[in-house]
Each structure stands twice: as structure tokens, then as C-alpha cells.
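Raw contents of run-v1.txt, compact mmCIF, C-alpha atoms:
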# COMPACT_ATOMS: atom_id res chain seq x y z
CA MET A 235 14.00 -7.63 0.88
CA GLY A 236 10.66 -9.45 0.94
CA LYS A 237 11.95 -12.24 -1.28
CA LYS A 238 8.90 -14.44 -0.84
CA GLY A 239 6.21 -13.87 -3.42
CA ILE A 240 2.91 -12.19 -2.61
CA LEU A 241 -0.45 -13.80 -3.14
CA VAL A 242 -2.47 -11.29 -5.15
CA VAL A 243 -6.20 -11.79 -5.45
CA VAL A 244 -7.90 -9.92 -8.27
CA SER A 245 -11.66 -9.67 -8.58
CA GLY A 246 -13.86 -7.39 -10.58
CA PHE A 247 -17.21 -6.99 -12.26
CA ALA A 248 -17.91 -8.89 -15.48
CA GLY A 249 -17.10 -6.25 -18.10
CA SER A 250 -14.55 -4.45 -15.94
CA GLY A 251 -11.82 -5.50 -18.34
CA LYS A 252 -9.90 -7.47 -15.74
CA GLY A 253 -9.11 -10.31 -18.18
CA THR A 254 -7.22 -7.98 -20.53
CA LEU A 255 -5.58 -6.28 -17.58
CA MET A 256 -4.24 -9.57 -16.20
CA ARG A 257 -2.92 -10.66 -19.57
CA GLU A 258 -1.08 -7.36 -20.04
CA LEU A 259 0.30 -7.36 -16.51
CA THR A 260 1.66 -10.90 -16.66
CA SER A 261 3.07 -10.54 -20.17
CA ARG A 262 4.80 -7.18 -19.56
CA TYR A 263 6.38 -7.90 -16.23
CA GLU A 264 8.37 -10.99 -15.35
CA ASN A 265 7.69 -11.35 -11.68
CA TYR A 266 4.20 -12.83 -11.98
CA ALA A 267 2.75 -16.30 -12.08
CA LEU A 268 -0.90 -16.61 -13.04
CA SER A 269 -2.72 -19.27 -11.08
CA VAL A 270 -4.97 -21.57 -13.13
CA SER A 271 -8.21 -22.68 -11.51
CA ALA A 272 -9.71 -26.15 -11.57
CA THR A 273 -13.35 -26.57 -12.55
CA THR A 274 -15.96 -29.22 -13.17
CA ARG A 275 -17.65 -27.25 -15.93
CA LYS A 276 -17.18 -28.54 -19.48
CA PRO A 277 -14.53 -26.86 -21.66
CA ARG A 278 -15.91 -24.28 -24.11
CA PRO A 279 -14.69 -24.34 -27.70
CA GLY A 280 -11.07 -23.21 -27.83
CA GLU A 281 -10.39 -23.66 -24.12
CA GLU A 282 -7.30 -25.73 -23.34
CA GLU A 283 -6.55 -27.99 -20.37
CA GLY A 284 -4.15 -26.18 -18.03
CA LYS A 285 -4.52 -22.84 -19.80
CA GLU A 286 -7.98 -21.44 -19.04
CA TYR A 287 -8.71 -24.18 -16.48
CA PHE A 288 -7.78 -27.63 -15.26
CA PHE A 289 -10.89 -29.59 -16.19
CA LYS A 290 -11.96 -32.14 -13.59
CA THR A 291 -14.86 -34.52 -13.08
CA THR A 292 -17.01 -33.90 -10.02
CA GLU A 293 -15.50 -37.02 -8.38
CA GLU A 294 -11.95 -35.81 -9.01
CA PHE A 295 -12.81 -32.35 -7.68
CA GLN A 296 -14.41 -33.74 -4.53
CA ALA A 297 -11.39 -35.98 -3.91
CA MET A 298 -9.16 -32.88 -4.13
CA ILE A 299 -11.40 -31.06 -1.63
CA ALA A 300 -11.14 -34.05 0.74
CA ALA A 301 -7.34 -34.04 0.41
CA ASP A 302 -7.22 -30.28 1.22
CA GLU A 303 -5.70 -29.54 -2.16
CA PHE A 304 -7.51 -26.22 -2.69
CA ILE A 305 -6.71 -22.90 -1.08
CA GLU A 306 -10.30 -21.89 -1.89
CA TYR A 307 -13.18 -23.36 -3.80
CA ALA A 308 -16.80 -22.53 -4.45
CA GLN A 309 -19.82 -23.76 -6.35
CA TYR A 310 -21.64 -21.72 -9.00
CA VAL A 311 -24.57 -22.96 -11.06
CA ASN A 312 -23.86 -26.61 -10.18
CA ASN A 313 -20.18 -26.44 -11.05
CA TYR A 314 -17.17 -26.37 -8.76
CA TYR A 315 -14.35 -23.85 -9.18
CA GLY A 316 -11.20 -23.90 -7.06
CA THR A 317 -7.57 -22.83 -6.74
CA PRO A 318 -5.14 -25.77 -6.47
CA ARG A 319 -2.76 -25.21 -3.57
CA ALA A 320 0.45 -26.86 -4.85
CA TYR A 321 1.18 -24.51 -7.79
CA VAL A 322 0.49 -21.38 -5.71
CA GLU A 323 2.80 -22.44 -2.89
CA GLU A 324 5.62 -23.47 -5.23
CA GLN A 325 5.55 -20.15 -7.06
CA LEU A 326 5.38 -18.07 -3.87
CA LYS A 327 8.42 -19.92 -2.50
CA ALA A 328 10.25 -19.25 -5.75
CA GLY A 329 9.63 -15.53 -5.16
CA LYS A 330 6.96 -15.06 -7.83
CA ASP A 331 3.93 -12.92 -7.09
CA VAL A 332 1.02 -15.21 -7.76
CA ILE A 333 -2.12 -13.73 -9.28
CA LEU A 334 -5.47 -15.37 -8.64
CA GLU A 335 -8.36 -14.04 -10.65
CA ILE A 336 -11.34 -15.14 -8.60
CA GLU A 337 -14.82 -14.08 -7.56
CA VAL A 338 -15.61 -12.25 -4.34
CA GLN A 339 -16.71 -15.43 -2.54
CA GLY A 340 -13.33 -17.13 -3.09
CA ALA A 341 -11.42 -13.89 -2.46
CA LEU A 342 -12.96 -13.54 0.99
CA GLN A 343 -12.12 -17.18 1.84
CA ILE A 344 -8.51 -16.44 0.96
CA LYS A 345 -8.43 -13.24 2.96
CA GLU A 346 -9.76 -15.11 5.99
CA LYS A 347 -7.16 -17.87 5.67
CA PHE A 348 -4.10 -15.81 4.83
CA GLN A 349 -4.96 -12.52 6.55
CA THR A 350 -2.39 -9.83 5.86
CA ASP A 351 -0.33 -12.19 3.74
CA THR A 352 -2.47 -11.47 0.67
CA LEU A 353 -3.18 -8.40 -1.36
CA LEU A 354 -6.76 -8.02 -2.59
CA LEU A 355 -7.39 -5.86 -5.64
CA PHE A 356 -10.80 -5.01 -7.05
CA VAL A 357 -11.05 -3.92 -10.69
CA THR A 358 -13.82 -1.47 -11.40
CA PRO A 359 -14.79 0.88 -14.22
CA PRO A 360 -14.84 4.58 -13.28
CA ASN A 361 -18.64 4.48 -12.92
CA ALA A 362 -21.75 2.33 -13.37
CA ASN A 363 -22.75 3.80 -16.74
CA ILE A 364 -19.46 2.78 -18.33
CA LEU A 365 -19.94 -0.80 -17.15
CA LYS A 366 -23.43 -0.85 -18.68
CA LYS A 367 -22.13 0.53 -21.96
CA ARG A 368 -19.42 -2.15 -22.09
CA LEU A 369 -21.91 -4.92 -21.39
CA VAL A 370 -24.41 -3.61 -23.95
CA GLY A 371 -21.56 -2.96 -26.42
CA ARG A 372 -20.55 -6.61 -26.43
CA GLY A 373 -23.82 -7.07 -28.28
CA THR A 374 -23.81 -10.78 -27.48
CA GLU A 375 -26.45 -10.74 -24.83
CA PRO A 376 -30.11 -9.73 -24.61
CA MET A 377 -30.92 -6.74 -22.39
CA ALA A 378 -32.42 -9.00 -19.71
CA VAL A 379 -29.03 -10.69 -19.27
CA VAL A 380 -27.29 -7.30 -19.13
CA GLY A 381 -29.73 -6.38 -16.35
CA GLN A 382 -28.86 -9.56 -14.44
CA ARG A 383 -25.15 -8.86 -14.76
CA LEU A 384 -25.62 -5.32 -13.47
CA LEU A 385 -27.63 -6.63 -10.52
CA ARG A 386 -24.94 -9.19 -9.77
CA ALA A 387 -22.28 -6.45 -10.02
CA SER A 388 -24.19 -4.30 -7.52
CA GLU A 389 -24.21 -7.28 -5.15
CA GLU A 390 -20.48 -7.83 -5.62
CA ALA A 391 -19.90 -4.14 -4.92
CA GLU A 392 -21.00 -4.74 -1.32
CA PHE A 393 -17.76 -6.59 -0.76
CA ILE A 394 -15.35 -4.01 -2.23
CA PRO A 395 -14.64 -2.57 1.25
CA ASP A 396 -13.03 -5.93 2.12
CA TYR A 397 -10.45 -5.44 -0.63
CA ASP A 398 -7.19 -3.55 -0.17
CA TYR A 399 -7.15 -1.42 -3.33
CA LEU A 400 -9.48 -0.28 -6.08
CA ILE A 401 -8.04 -0.63 -9.57
CA ILE A 402 -10.00 1.87 -11.62
CA ASN A 403 -9.83 0.71 -15.19
CA ASP A 404 -10.29 3.83 -17.29
CA ASN A 405 -7.03 3.61 -19.23
CA LEU A 406 -5.39 0.23 -19.82
CA GLU A 407 -1.79 1.54 -19.91
CA GLU A 408 -2.12 3.53 -16.70
CA CYS A 409 -4.01 0.75 -15.03
CA VAL A 410 -1.42 -1.97 -15.74
CA LYS A 411 1.31 0.35 -14.50
CA THR A 412 -0.53 1.22 -11.29
CA MET A 413 -1.35 -2.41 -10.61
CA ASN A 414 2.29 -3.40 -10.99
CA GLU A 415 3.40 -0.56 -8.70
CA ILE A 416 0.92 -1.50 -6.01
CA ILE A 417 2.02 -5.13 -6.04
CA GLN A 418 5.75 -4.41 -6.16
CA ASN A 419 5.60 -1.76 -3.44
CA GLU A 420 3.81 -4.26 -1.23
CA HIS A 421 7.20 -5.98 -0.94
CA VAL A 422 8.56 -3.04 1.08
CA ARG A 423 5.79 -3.06 3.64
CA ALA A 424 7.41 -3.03 7.07
CA PHE A 425 5.60 -6.16 8.29
CA ARG A 426 6.92 -8.16 5.34
CA ASN A 427 10.51 -7.29 6.23
CA SER A 428 11.00 -8.26 9.85
CA GLU A 429 14.25 -10.06 8.95
CA PHE A 430 15.68 -6.90 7.35
CA ILE A 431 14.62 -4.80 10.36
CA LYS A 432 16.15 -7.29 12.82
CA ASN A 433 19.42 -7.32 10.87
CA ILE A 434 19.79 -3.57 10.60
CA ARG A 435 18.94 -3.12 14.26
CA GLU A 436 21.56 -5.63 15.39
CA GLY A 437 24.08 -4.28 12.90
CA LEU A 438 23.64 -0.72 14.20
CA LEU A 439 23.95 -1.85 17.81
CA ASN A 440 27.18 -3.76 17.09
CA LEU A 441 28.68 -0.89 15.10
CA SER A 442 27.80 1.57 17.87
CA LYS A 443 30.00 -0.49 20.21
CA GLY A 444 32.83 -0.21 17.72
CA GLU A 445 32.47 -3.85 16.61
CA MET B 231 -11.41 9.45 -5.97
CA GLY B 232 -9.80 10.03 -2.58
CA LYS B 233 -9.74 13.81 -3.04
CA LYS B 234 -8.73 14.54 0.51
CA GLY B 235 -4.99 14.69 1.05
CA ILE B 236 -3.10 12.04 2.98
CA LEU B 237 -1.04 12.76 6.07
CA VAL B 238 2.36 11.21 5.36
CA VAL B 239 4.78 10.81 8.23
CA VAL B 240 8.41 10.29 7.28
CA SER B 241 11.05 9.25 9.78
CA GLY B 242 14.51 7.83 9.35
CA PHE B 243 17.93 7.50 10.88
CA ALA B 244 20.24 10.52 10.95
CA GLY B 245 22.37 9.93 7.85
CA SER B 246 19.64 8.01 6.00
CA GLY B 247 19.43 10.82 3.46
CA LYS B 248 15.80 11.60 4.21
CA GLY B 249 16.34 15.35 4.03
CA THR B 250 17.52 15.17 0.40
CA LEU B 251 14.77 12.70 -0.38
CA MET B 252 12.05 15.01 0.92
CA ARG B 253 13.41 18.00 -0.97
CA GLU B 254 13.49 16.03 -4.22
CA LEU B 255 10.04 14.57 -3.68
CA THR B 256 8.37 17.87 -2.93
CA SER B 257 10.17 19.77 -5.69
CA ARG B 258 9.53 17.17 -8.43
CA TYR B 259 5.88 16.46 -7.77
CA GLU B 260 3.19 19.04 -7.26
CA ASN B 261 0.82 17.29 -4.95
CA TYR B 262 2.83 17.72 -1.76
CA ALA B 263 2.89 20.23 1.05
CA LEU B 264 5.78 20.02 3.49
CA SER B 265 4.78 20.71 7.04
CA VAL B 266 7.06 23.05 8.99
CA SER B 267 7.61 22.27 12.66
CA ALA B 268 7.68 24.74 15.53
CA THR B 269 10.56 24.63 18.00
CA THR B 270 11.93 26.43 21.01
CA ARG B 271 15.54 25.81 20.03
CA LYS B 272 17.51 28.80 18.77
CA PRO B 273 17.89 29.24 15.00
CA ARG B 274 21.25 28.04 13.61
CA PRO B 275 23.12 30.28 11.15
CA GLY B 276 21.24 30.35 7.85
CA GLU B 277 17.97 29.00 9.23
CA GLU B 278 14.94 31.10 8.36
CA GLU B 279 11.70 31.60 10.29
CA GLY B 280 8.96 29.55 8.60
CA LYS B 281 11.38 27.65 6.38
CA GLU B 282 13.32 25.20 8.56
CA TYR B 283 11.18 25.92 11.63
CA PHE B 284 8.80 28.35 13.24
CA PHE B 285 10.90 29.61 16.14
CA LYS B 286 8.99 30.09 19.38
CA THR B 287 9.76 30.99 22.96
CA THR B 288 9.04 28.33 25.58
CA GLU B 289 6.08 30.42 26.78
CA GLU B 290 4.64 30.70 23.27
CA PHE B 291 5.10 26.97 22.72
CA GLN B 292 3.41 26.06 25.99
CA ALA B 293 0.51 28.37 25.19
CA MET B 294 0.09 26.53 21.85
CA ILE B 295 0.11 23.18 23.67
CA ALA B 296 -2.57 24.46 26.06
CA ALA B 297 -4.69 25.62 23.10
CA ASP B 298 -4.37 22.17 21.44
CA GLU B 299 -2.63 23.73 18.46
CA PHE B 300 -0.25 20.81 17.84
CA ILE B 301 -1.04 17.47 16.26
CA GLU B 302 2.05 16.12 18.00
CA TYR B 303 4.88 17.55 20.06
CA ALA B 304 7.83 16.26 22.00
CA GLN B 305 10.78 17.44 24.03
CA TYR B 306 14.41 16.68 23.15
CA VAL B 307 17.41 17.99 25.04
CA ASN B 308 15.34 20.67 26.78
CA ASN B 309 13.74 21.96 23.60
CA TYR B 310 10.21 21.51 22.36
CA TYR B 311 9.42 20.42 18.81
CA GLY B 312 5.89 20.17 17.44
CA THR B 313 3.68 20.09 14.36
CA PRO B 314 1.19 22.99 14.20
CA ARG B 315 -2.26 21.68 13.42
CA ALA B 316 -3.77 24.52 11.36
CA TYR B 317 -1.46 24.29 8.32
CA VAL B 318 -1.74 20.49 8.13
CA GLU B 319 -5.51 20.51 8.22
CA GLU B 320 -5.82 23.31 5.65
CA GLN B 321 -3.57 21.52 3.18
CA LEU B 322 -5.27 18.14 3.63
CA LYS B 323 -8.64 19.75 2.97
CA ALA B 324 -7.23 21.35 -0.17
CA GLY B 325 -6.28 17.85 -1.36
CA LYS B 326 -2.54 18.13 -0.81
CA ASP B 327 -0.63 15.21 0.63
CA VAL B 328 1.08 16.67 3.66
CA ILE B 329 4.54 15.41 4.55
CA LEU B 330 5.73 15.56 8.13
CA GLU B 331 9.36 14.76 8.70
CA ILE B 332 9.41 13.81 12.36
CA GLU B 333 11.09 11.49 14.83
CA VAL B 334 9.69 8.13 15.90
CA GLN B 335 8.23 9.49 19.13
CA GLY B 336 6.08 12.05 17.26
CA ALA B 337 5.28 9.60 14.48
CA LEU B 338 3.78 7.13 16.93
CA GLN B 339 1.70 9.89 18.57
CA ILE B 340 0.27 10.69 15.16
CA LYS B 341 -0.41 7.05 14.33
CA GLU B 342 -2.29 6.66 17.58
CA LYS B 343 -4.39 9.76 16.98
CA PHE B 344 -5.14 9.34 13.28
CA GLN B 345 -4.99 5.53 12.98
CA THR B 346 -5.41 4.36 9.36
CA ASP B 347 -5.75 7.93 8.16
CA THR B 348 -1.98 8.36 8.03
CA LEU B 349 0.78 6.71 6.07
CA LEU B 350 4.02 6.10 7.97
CA LEU B 351 7.23 5.74 5.98
CA PHE B 352 10.61 4.87 7.44
CA VAL B 353 13.73 5.80 5.46
CA THR B 354 16.63 3.44 5.93
CA PRO B 355 19.93 2.71 4.20
CA PRO B 356 20.24 -0.82 2.75
CA ASN B 357 22.32 -1.92 5.75
CA ALA B 358 24.02 -0.74 8.95
CA ASN B 359 27.52 -0.46 7.44
CA ILE B 360 26.36 2.04 4.84
CA LEU B 361 24.87 4.24 7.56
CA LYS B 362 28.13 4.14 9.49
CA LYS B 363 30.10 5.07 6.36
CA ARG B 364 27.81 8.02 5.69
CA LEU B 365 28.10 9.28 9.27
CA VAL B 366 31.89 8.87 9.29
CA GLY B 367 32.11 10.33 5.79
CA ARG B 368 30.53 13.59 6.91
CA GLY B 369 33.80 14.08 8.74
CA THR B 370 32.22 16.70 10.98
CA GLU B 371 31.94 14.62 14.09
CA PRO B 372 34.31 12.71 16.37
CA MET B 373 33.97 8.92 16.40
CA ALA B 374 32.35 8.97 19.83
CA VAL B 375 29.47 11.03 18.39
CA VAL B 376 29.17 8.64 15.44
CA GLY B 377 28.89 5.80 18.00
CA GLN B 378 26.10 7.66 19.83
CA ARG B 379 24.22 8.23 16.59
CA LEU B 380 24.47 4.56 15.69
CA LEU B 381 23.21 3.58 19.14
CA ARG B 382 20.33 5.99 18.80
CA ALA B 383 19.58 4.57 15.32
CA SER B 384 19.49 1.03 16.74
CA GLU B 385 16.96 2.22 19.34
CA GLU B 386 14.85 3.90 16.66
CA ALA B 387 14.94 0.68 14.62
CA GLU B 388 12.81 -0.98 17.31
CA PHE B 389 9.90 1.12 16.13
CA ILE B 390 10.17 0.40 12.40
CA PRO B 391 7.54 -2.39 12.65
CA ASP B 392 5.00 0.33 13.59
CA TYR B 393 5.56 2.01 10.23
CA ASP B 394 3.68 1.09 7.05
CA TYR B 395 6.54 0.98 4.55
CA LEU B 396 10.31 0.88 4.46
CA ILE B 397 11.90 3.32 2.04
CA ILE B 398 15.31 1.83 1.30
CA ASN B 399 17.50 4.65 0.18
CA ASP B 400 20.16 3.06 -1.99
CA ASN B 401 19.49 5.10 -5.13
CA LEU B 402 18.00 8.59 -4.87
CA GLU B 403 16.18 8.51 -8.23
CA GLU B 404 14.54 5.14 -7.60
CA CYS B 405 13.77 6.05 -4.06
CA VAL B 406 11.96 9.32 -4.86
CA LYS B 407 9.95 7.50 -7.53
CA THR B 408 8.97 4.65 -5.19
CA MET B 409 8.03 7.05 -2.44
CA ASN B 410 5.77 9.01 -4.77
CA GLU B 411 4.14 5.81 -6.04
CA ILE B 412 3.46 4.53 -2.54
CA ILE B 413 1.85 7.80 -1.49
CA GLN B 414 -0.19 8.27 -4.67
CA ASN B 415 -1.41 4.67 -4.72
CA GLU B 416 -2.58 5.10 -1.15
CA HIS B 417 -5.36 7.25 -2.64
CA VAL B 418 -6.93 4.17 -4.26
CA ARG B 419 -7.09 2.13 -1.06
CA ALA B 420 -10.60 0.77 -0.78
CA PHE B 421 -11.20 2.21 2.70
CA ARG B 422 -10.37 5.72 1.45
CA ASN B 423 -13.04 5.51 -1.25
CA SER B 424 -16.26 4.56 0.48
CA GLU B 425 -18.09 7.34 -1.36
CA PHE B 426 -17.00 5.97 -4.76
CA ILE B 427 -18.00 2.43 -3.73
CA LYS B 428 -21.39 3.60 -2.50
CA ASN B 429 -22.02 5.50 -5.74
CA ILE B 430 -21.07 2.68 -8.07
CA ARG B 431 -23.12 0.19 -6.07
CA GLU B 432 -26.24 2.36 -6.21
CA GLY B 433 -25.61 3.19 -9.85
CA LEU B 434 -25.38 -0.48 -10.80
CA LEU B 435 -28.51 -1.34 -8.86
CA ASN B 436 -30.51 1.44 -10.55
CA LEU B 437 -29.23 0.52 -14.03
CA SER B 438 -30.08 -3.14 -13.41
CA LYS B 439 -33.69 -2.10 -12.93
CA GLY B 440 -33.57 -0.29 -16.25
CA GLU B 441 -33.50 3.15 -14.61

Any chance you could give the structure as C-alpha cells?
Amino acid sequence: MGKKGILVVVSGFAGSGKGTLMRELTSRYENYALSVSATTRKPRPGEEEGKEYFFKTTEEFQAMIAADEFIEYAQYVNNYYGTPRAYVEEQLKAGKDVILEIEVQGALQIKEKFQTDTLLLFVTPPNANILKKRLVGRGTEPMAVVGQRLLRASEEAEFIPDYDYLIINDNLEECVKTMNEIIQNEHVRAFRNSEFIKNIREGLLNLSKGE
Amino acid sequence: MGKKGILVVVSGFAGSGKGTLMRELTSRYENYALSVSATTRKPRPGEEEGKEYFFKTTEEFQAMIAADEFIEYAQYVNNYYGTPRAYVEEQLKAGKDVILEIEVQGALQIKEKFQTDTLLLFVTPPNANILKKRLVGRGTEPMAVVGQRLLRASEEAEFIPDYDYLIINDNLEECVKTMNEIIQNEHVRAFRNSEFIKNIREGLLNLSKGE
């Protein structure tokens, strides 16, 4: 039954809590592999090579683009960000569901390339006010920056209809559970099980003839 | 969030255990309404009007067809079977997920009419041998009839790719749980929540302007 892993793309507004959600999901359940992005931005204090990101020089990154080593990449604020292909393909073959936490731009590239073979999830708070409260509550940013983040979120929201499911993050426990269910049940989609359907059909036909 | 009910079509091979599955599902969880079909076949001993079927004369049934009172109907062995529209629409409006247990022919009619607005589930045993064992195990039918049922099942299997999900009935408990999850998670599909997406997008935009 759908032994190959599923490529799961997760996006969400800054402040939607998707980071915590991903950590909980991948630590509670065994079937997931979290993809690590490559970037040309400098490591922040505490960030480790291969954990938060693979840190690359611009030349290295561009060489990887030329060698088609990314399944998606994009540029933000003069830095490149991308998903290295090799790890993702290895893990999918091994039957792991691979989680990519990426922005809408990259998510849509992946959807275009892999079509129905991906599952796109968008993490959102139950409403706009809660997102504002979370951003203000962080207390680390001036109100002007909060305003910019809200504007950016409203722009990202335009692309939610391209995603498969909304993950409404009002309760962490519930949300992790729902996310896991959605991903695991994707394995029993009819189109992912053509081999099973072929086998049962032939088996029934043979048995009906008394074979 | 996706307050309108979902039209869930369930089909499956004779002997797949879908009858038991539906009874368990609808008795354990509150959000379901089981649609009752109309038929022109005579009631069998123990069958009650409005429980197993609404029993109609051929004339009554044809009058209902003429008045467009069915969302699907079909003829088998000289009898009509159909799903009365009024009950289904009432329940969907009231937010109930309506379950129709119907054959592939009717299921495909519904898919064509309602497109993405339905969810099509196909109940199958884990393999062909198990279905044969269940049919033989009933002990009520001669082997020739078992052979016919298996042949019919192999023909029905051709249409499984038109369904959304396989429900593999190897363990009743697991199976009822999975079926409920699949249906409930369908409510958070992005395309079923355009109102929510519109609201959050506008909310974020207004908040970003300091409104």
C-alpha cells in the first residue's frame, strides 16, 4: 500500500507556529524526514551546518543550480534558498514522507513540477487578529515591522487556494494529530495505489474462474 | 470552517464488509446522516419502509425520475434503485456529512454531477483471496454464485481509480477510525474554505494598515 513516501510541502505565515508544529510532528511520529534547505545567507548565532540549513557560498549555490541539484530554489533579499534534490529523493524511495517547510514561491514551483505527487499544507491561525497578537507578543520587533509582516501575510494568503489543505493552528495537540492523519491518509488515495488495484482486479478475475 | 456537509459516496465489493462499516461509523460519530435509497424491488422479510429502503411502485419511481427527484438512479435486474434528492440536500445544508452507500454506476453519476463536491470511498478487502473466503464462508450460496460475485467484483474494480480513497477493511476498528478521519479532514481542504481564506486575507490587509 503506497509504500513510496509522499512529498509534503508546508507553508504558513510568519507567526503561524509552523516551526513548533513541524518539530512536534517529526519528533512524535517516525515516518517523517525533514528536508534541510541550502542557503547563501550567513549563519545566525546558534545555527548549525546541516541542521537549520546547509550554508553555501553564492558560487557553490549557483553551481548546484547549474547541475540541477535543487527541486526548487528562490531568491529573497539577495540570498538564495533552495531544496537539495538528492536527500529528498533518497528518503522518498526509502518510504519516508518528506516534509519541506518552504515559502509560497517555492511551494508553487514544486506543485508545478510534481503535480499530484505532492501534498501542500498551509498553516494558518484561526483568524487575522490572533496572528497580529502573536507577532506583537513576540515583543522583539517594532510595530512598523509587525505591519510589514501582516502585509506580507496578506499577500501570501492569495496563494492559499493553490494548497491542498488548511492546517488551522489553534491547538497544538489537535493540530499535530490532524496533520499526521492528513499525511498518512494520503497514502490510501486511489491514484497512489494503482498496483494494489491492478492486483486485486486480476486476483478476483482469476478466482472467479476457479483458479 | 467548511460548515456545509460533505456528500460521501461509499461503494465496495459484496463481502467487503461495508455494511458493518457504515453502521459502526454512523453509530459512533454524530456528524453523519445515512441516506436511504428508494427501490421498486419488493421488501425482503424484516426490511422496513424508510429503514433499508423506501419501497415504491414502478409508476411512483418513474414519476420521481420525471420530477428530477433523484440525484442518481439506476436499474438492476429489472428493478430501479435511486437516491432521493430532498433528504440529501436538507442534511448537507444542516451541516451533516451525508453517506450514500451505492454501486459504482450510481457513484460515477454522482461524481459527474457534483465533481469535487463529493468524496468517493471504495471499500476493499486487503486482497482477492480474503474476499473469496468471506463469500464462501457465508455458506449461503453455491460455488457458482460465489464465482459470479467474484467476476462482478473484478468488473467493479475497474472503476476504483475513479474513487478518491481506498478503504482497506482488514480491521474494523482501524477502518472506522480511518474513514472518519478522511471524511472529517476533507472539511479543511483549501477549496472548501474560500470564505475563510477571503476573510483572513482581508483581515491581515486591514491590520497591516493599522486598522

>> Just to confirm, what's the straight-line distance from atom CA of Glu392 of chain A to atom CA of Leu350 of chain B in Å (one decimal)?
In response: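 Computed distance, atom CA of Glu392 of chain A to atom CA of Leu350 of chain B, equals 28.8 Å.
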
>> Could you tell me which residues of chain A sit within 6 Å of chain B when counting only C-alpha atoms, and give me the result as a list in words?
In response: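 Those within range of chain B come out as Asn361, Ala362, Gly381, Leu384, Leu385, Ser388, Ala391, Pro395, Asp398, Tyr399, Leu400, Val422, Arg423, Ala424, Ile434, Arg435, Gly437, Leu438, Leu439 and Ser442 of chain A.
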
Selection to disk with C-alpha atoms, as a tab-separated table (two decimals), keeping the file's coordinate frame:
chain	number	residue	atom	x	y	z
A	361	ASN	CA	-18.64	4.48	-12.92
A	362	ALA	CA	-21.75	2.33	-13.37
A	381	GLY	CA	-29.73	-6.38	-16.35
A	384	LEU	CA	-25.62	-5.32	-13.47
A	385	LEU	CA	-27.63	-6.63	-10.52
A	388	SER	CA	-24.19	-4.30	-7.52
A	391	ALA	CA	-19.90	-4.14	-4.92
A	395	PRO	CA	-14.64	-2.57	1.25
A	398	ASP	CA	-7.19	-3.55	-0.17
A	399	TYR	CA	-7.15	-1.42	-3.33
A	400	LEU	CA	-9.48	-0.28	-6.08
A	422	VAL	CA	8.56	-3.04	1.08
A	423	ARG	CA	5.79	-3.06	3.64
A	424	ALA	CA	7.41	-3.03	7.07
A	434	ILE	CA	19.79	-3.57	10.60
A	435	ARG	CA	18.94	-3.12	14.26
A	437	GLY	CA	24.08	-4.28	12.90
A	438	LEU	CA	23.64	-0.72	14.20
A	439	LEU	CA	23.95	-1.85	17.81
A	442	SER	CA	27.80	1.57	17.87

>> So the first atom is atom CA of Leu353 of chain A and the second is atom CA of Val242 of chain A; what is the distance between them in Å, to one decimal place?
In response: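 Spanning atom CA of Leu353 of chain A to atom CA of Val242 of chain A is a straight-line distance of 4.8 Å.
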
>> Show me, as a VMD selection string, the residues that have an atom within 10 Å of Arg271 of chain B when counting all atoms listed in the file, minus same-chain residues fewer than 4 positions from it.
In response: chain B and resid 283 to 288 306 to 311

> If you measure from atom CA of Tyr307 of chain A to atom CA of Gly340 of chain A, what distance in Å do you get, rounded to one decimal?
Replying inline: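 Interatomic distance, atom CA of Tyr307 of chain A to atom CA of Gly340 of chain A: 6.3 Å.
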
> Leu264 of chain B: which residues within 10 Å, counting all atoms listed in the file, same-chain residues fewer than 3 positions away excluded, as a count of residues only?
Replying inline: 16

Might I get the box with edges along x, y and z of the file that holds all atoms of segment 346-354 of chain B listed there, padded by 4 Å on every side, given as centre and edge lengths in Å to one decimal, as lines of an AutoDock Vina configuration file?
center_x = 5.4
center_y = 5.9
center_z = 7.4
size_x = 30.4
size_y = 12.9
size_z = 11.9
